[in-house]
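**Student:** One structure follows; several queries about it will come next.
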Amino acid sequence: MSSEMQSLKVSLVQGATRWHDAPANREYYGALVRQAAGSDLIVLPETFLSGFSNDTRASAETMDGASVTWLRSLAIEVGAVICGSLAIRENDTVYNRLLWVMPDGSYLQYDKRHLFRMAGEHTRYGGGNQRLIVELKGWRILPQVCYDLRFPVWLRNRRLASATGGMDYDLSIFVANWPAPRRQPWRTLLRARAIENLSYVIGLNRVGVDGNELPYAGDSAVIDPLGDPLLELGVQEQVVTVTLDPVSLLAHRERFPAWMDADEFSLTL
């Protein structure tokens, strides 16, 4: 049985990632994360230490490298969970790996399932095949990476009577490098995923221009289960904190139990 859900204080760190410069990004994002000390959860963008790059041999580190060590130390320092993705090499394969780093320095990991073929990510990265659901202050949380947002079957929420919130997860998080020319799908899909899964959704995107001259408009957001934005960020660097209330979530699921009419299916990977 899950523990009772409590209010969850989440900070969104919408930054302008430096291109292929892990030391500079560690300094830059470290300063931004420290502004969010006191939160329960701090969310960083996809590949926030390198930018979204297919030059994986140059940018990827191992799990015992400087960047993972730094991230674990930072989580201990600020006393919060930190999540974001890194390019991680294991043997001959590189993964776009989301790390969920806890305040004691321990961590869980999720490898991006859906690789963005339009940029050739599928030819250079290995894909994951297991969802990760973590618990924090009684919330069940599904962390995902960027392009995963487009695949509702993979993200499907299901009834889980043993959980306090009654569902497999209560909050999904998408860390992203989602370019500005596709900002409308980003905004629309965040709302769709919240509505169809009766859950909160957080989308955390970067800003600035990357080494491929792609612009990013930010548009990070927190969406409630009705699809309404609790928070929407603009195009500038910023750190913003929001508190999520479980009472309204549970009340909505009670009033509108759409899960009872959902189609049953199994997913074969």
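Letters A, B, ... go to the chains of the structure tokens in the order shown; residues in each chain start at 1; ligands are counted from 1 in the same order.
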According to DSSP computed on the backbone, where in segment 2-86 of chain A is there strand (DSSP E)? Give the residues as a ChimeraX atom specification.

**Tutor:** /A:8-14,41-43,81-86

**Student:** Excluding same-chain residues fewer than 4 positions from Val201 of chain A, what lies within 9 Å of it counting only C-alpha atoms, as JSON, numbers by chain?

**Tutor:** {"A": [170, 171, 172, 173, 174, 190, 191, 193, 194, 221, 222, 223, 224, 225, 227]}

**Student:** Print the selection's residues with N, CA and C atoms to a file, as an mmCIF file, in the first residue's frame.

**Tutor:**
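After the write, result.cif holds the following:
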```
data_model
loop_
_atom_site.group_PDB
_atom_site.id
_atom_site.type_symbol
_atom_site.label_atom_id
_atom_site.label_comp_id
_atom_site.auth_asym_id
_atom_site.auth_seq_id
_atom_site.Cartn_x
_atom_site.Cartn_y
_atom_site.Cartn_z
ATOM 1 N N ASP A 170 0.238 9.177 -10.709
ATOM 2 C CA ASP A 170 -0.492 10.407 -10.408
ATOM 3 C C ASP A 170 0.085 11.622 -11.124
ATOM 4 N N LEU A 171 1.321 11.500 -11.562
ATOM 5 C CA LEU A 171 2.026 12.600 -12.209
ATOM 6 C C LEU A 171 2.976 12.012 -13.246
ATOM 7 N N SER A 172 2.940 12.537 -14.472
ATOM 8 C CA SER A 172 3.955 12.180 -15.466
ATOM 9 C C SER A 172 4.821 13.413 -15.726
ATOM 10 N N ILE A 173 6.110 13.156 -15.975
ATOM 11 C CA ILE A 173 7.077 14.222 -16.208
ATOM 12 C C ILE A 173 7.766 13.962 -17.539
ATOM 13 N N PHE A 174 7.848 14.995 -18.374
ATOM 14 C CA PHE A 174 8.536 14.896 -19.661
ATOM 15 C C PHE A 174 9.659 15.925 -19.689
ATOM 16 N N LEU A 190 0.886 17.750 -24.110
ATOM 17 C CA LEU A 190 0.942 17.794 -22.643
ATOM 18 C C LEU A 190 -0.469 17.799 -22.063
ATOM 19 N N ARG A 191 -1.350 18.578 -22.656
ATOM 20 C CA ARG A 191 -2.729 18.652 -22.175
ATOM 21 C C ARG A 191 -3.475 17.342 -22.428
ATOM 22 N N ARG A 193 -2.239 14.293 -22.648
ATOM 23 C CA ARG A 193 -1.771 13.237 -21.749
ATOM 24 C C ARG A 193 -2.359 13.407 -20.345
ATOM 25 N N ALA A 194 -2.532 14.639 -19.890
ATOM 26 C CA ALA A 194 -3.129 14.875 -18.573
ATOM 27 C C ALA A 194 -4.587 14.457 -18.561
ATOM 28 N N ALA A 221 5.593 23.650 -18.628
ATOM 29 C CA ALA A 221 4.254 23.829 -18.071
ATOM 30 C C ALA A 221 3.944 22.754 -17.043
ATOM 31 N N VAL A 222 3.013 23.101 -16.173
ATOM 32 C CA VAL A 222 2.390 22.136 -15.263
ATOM 33 C C VAL A 222 0.907 22.124 -15.596
ATOM 34 N N ILE A 223 0.379 20.947 -15.945
ATOM 35 C CA ILE A 223 -1.003 20.805 -16.389
ATOM 36 C C ILE A 223 -1.774 19.955 -15.388
ATOM 37 N N ASP A 224 -2.983 20.395 -15.035
ATOM 38 C CA ASP A 224 -3.778 19.616 -14.082
ATOM 39 C C ASP A 224 -4.580 18.530 -14.811
ATOM 40 N N PRO A 225 -5.248 17.638 -14.084
ATOM 41 C CA PRO A 225 -5.930 16.504 -14.728
ATOM 42 C C PRO A 225 -7.084 16.893 -15.648
ATOM 43 N N GLY A 227 -6.657 19.268 -17.817
ATOM 44 C CA GLY A 227 -6.007 19.843 -18.976
ATOM 45 C C GLY A 227 -5.750 21.332 -18.859
#
```

**Student:** Quick one: pick out all helix (DSSP H, G or I) residues within segment 90-241 of chain A from a backbone DSSP run and write them as a PyMOL selection string.

**Tutor:** chain A and resi 117-119+121-124+146-150+180-197

**Student:** Would you write out those residues with C-alpha atoms, as an mmCIF file, in the first residue's frame?

**Tutor:**
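Just written: out35.cif:
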```cif
data_model
loop_
_atom_site.group_PDB
_atom_site.id
_atom_site.type_symbol
_atom_site.label_atom_id
_atom_site.label_comp_id
_atom_site.auth_asym_id
_atom_site.auth_seq_id
_atom_site.Cartn_x
_atom_site.Cartn_y
_atom_site.Cartn_z
ATOM 1 C CA ARG A 117 14.291 9.125 -35.924
ATOM 2 C CA MET A 118 13.803 12.471 -37.693
ATOM 3 C CA ALA A 119 17.134 13.500 -36.152
ATOM 4 C CA GLU A 121 18.625 9.358 -32.715
ATOM 5 C CA HIS A 122 17.535 5.767 -33.367
ATOM 6 C CA THR A 123 20.770 5.082 -35.292
ATOM 7 C CA ARG A 124 23.100 6.248 -32.535
ATOM 8 C CA CYS A 146 10.802 14.197 -24.872
ATOM 9 C CA TYR A 147 9.603 12.154 -27.914
ATOM 10 C CA ASP A 148 7.940 9.636 -25.543
ATOM 11 C CA LEU A 149 5.209 12.270 -25.188
ATOM 12 C CA ARG A 150 3.822 11.364 -28.630
ATOM 13 C CA ALA A 180 10.347 25.943 -31.229
ATOM 14 C CA PRO A 181 8.985 25.072 -34.721
ATOM 15 C CA ARG A 182 7.046 22.193 -33.093
ATOM 16 C CA ARG A 183 5.896 24.087 -30.016
ATOM 17 C CA GLN A 184 2.179 23.683 -30.795
ATOM 18 C CA PRO A 185 2.288 19.844 -30.676
ATOM 19 C CA TRP A 186 4.260 20.094 -27.417
ATOM 20 C CA ARG A 187 1.641 22.276 -25.777
ATOM 21 C CA THR A 188 -1.254 20.215 -27.128
ATOM 22 C CA LEU A 189 0.138 16.800 -26.225
ATOM 23 C CA LEU A 190 0.942 17.794 -22.643
ATOM 24 C CA ARG A 191 -2.729 18.652 -22.175
ATOM 25 C CA ALA A 192 -3.930 15.499 -23.915
ATOM 26 C CA ARG A 193 -1.771 13.237 -21.749
ATOM 27 C CA ALA A 194 -3.129 14.875 -18.573
ATOM 28 C CA ILE A 195 -6.769 14.600 -19.623
ATOM 29 C CA GLU A 196 -6.695 11.019 -20.884
ATOM 30 C CA ASN A 197 -4.658 9.694 -17.951
#
```

**Student:** Check the smallest atom-to-atom distance from each of A:Gly79, A:Gly15, A:Gly211, A:Gly65 to Val235 of chain A using only C-alpha atoms, then report the winner.

**Tutor:**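 Closest to Val235 of chain A, using only C-alpha atoms: A:Gly15.
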
**Student:** Taking only C-alpha atoms into account, which of A:Ala80, A:Leu32, A:Ala16, A:Val239 comes nearest Val209 of chain A?

**Tutor:**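 Result for the nearest residue to Val209 of chain A: A:Ala16.
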
**Student:** Measuring atom to atom with only C-alpha atoms, identify which of A:Tyr200, A:Trp178, A:Tyr28, A:Trp259 is nearest to Asp245 of chain A.

**Tutor:**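 When distances to Asp245 of chain A are compared using only C-alpha atoms, the smallest one comes from A:Tyr200.
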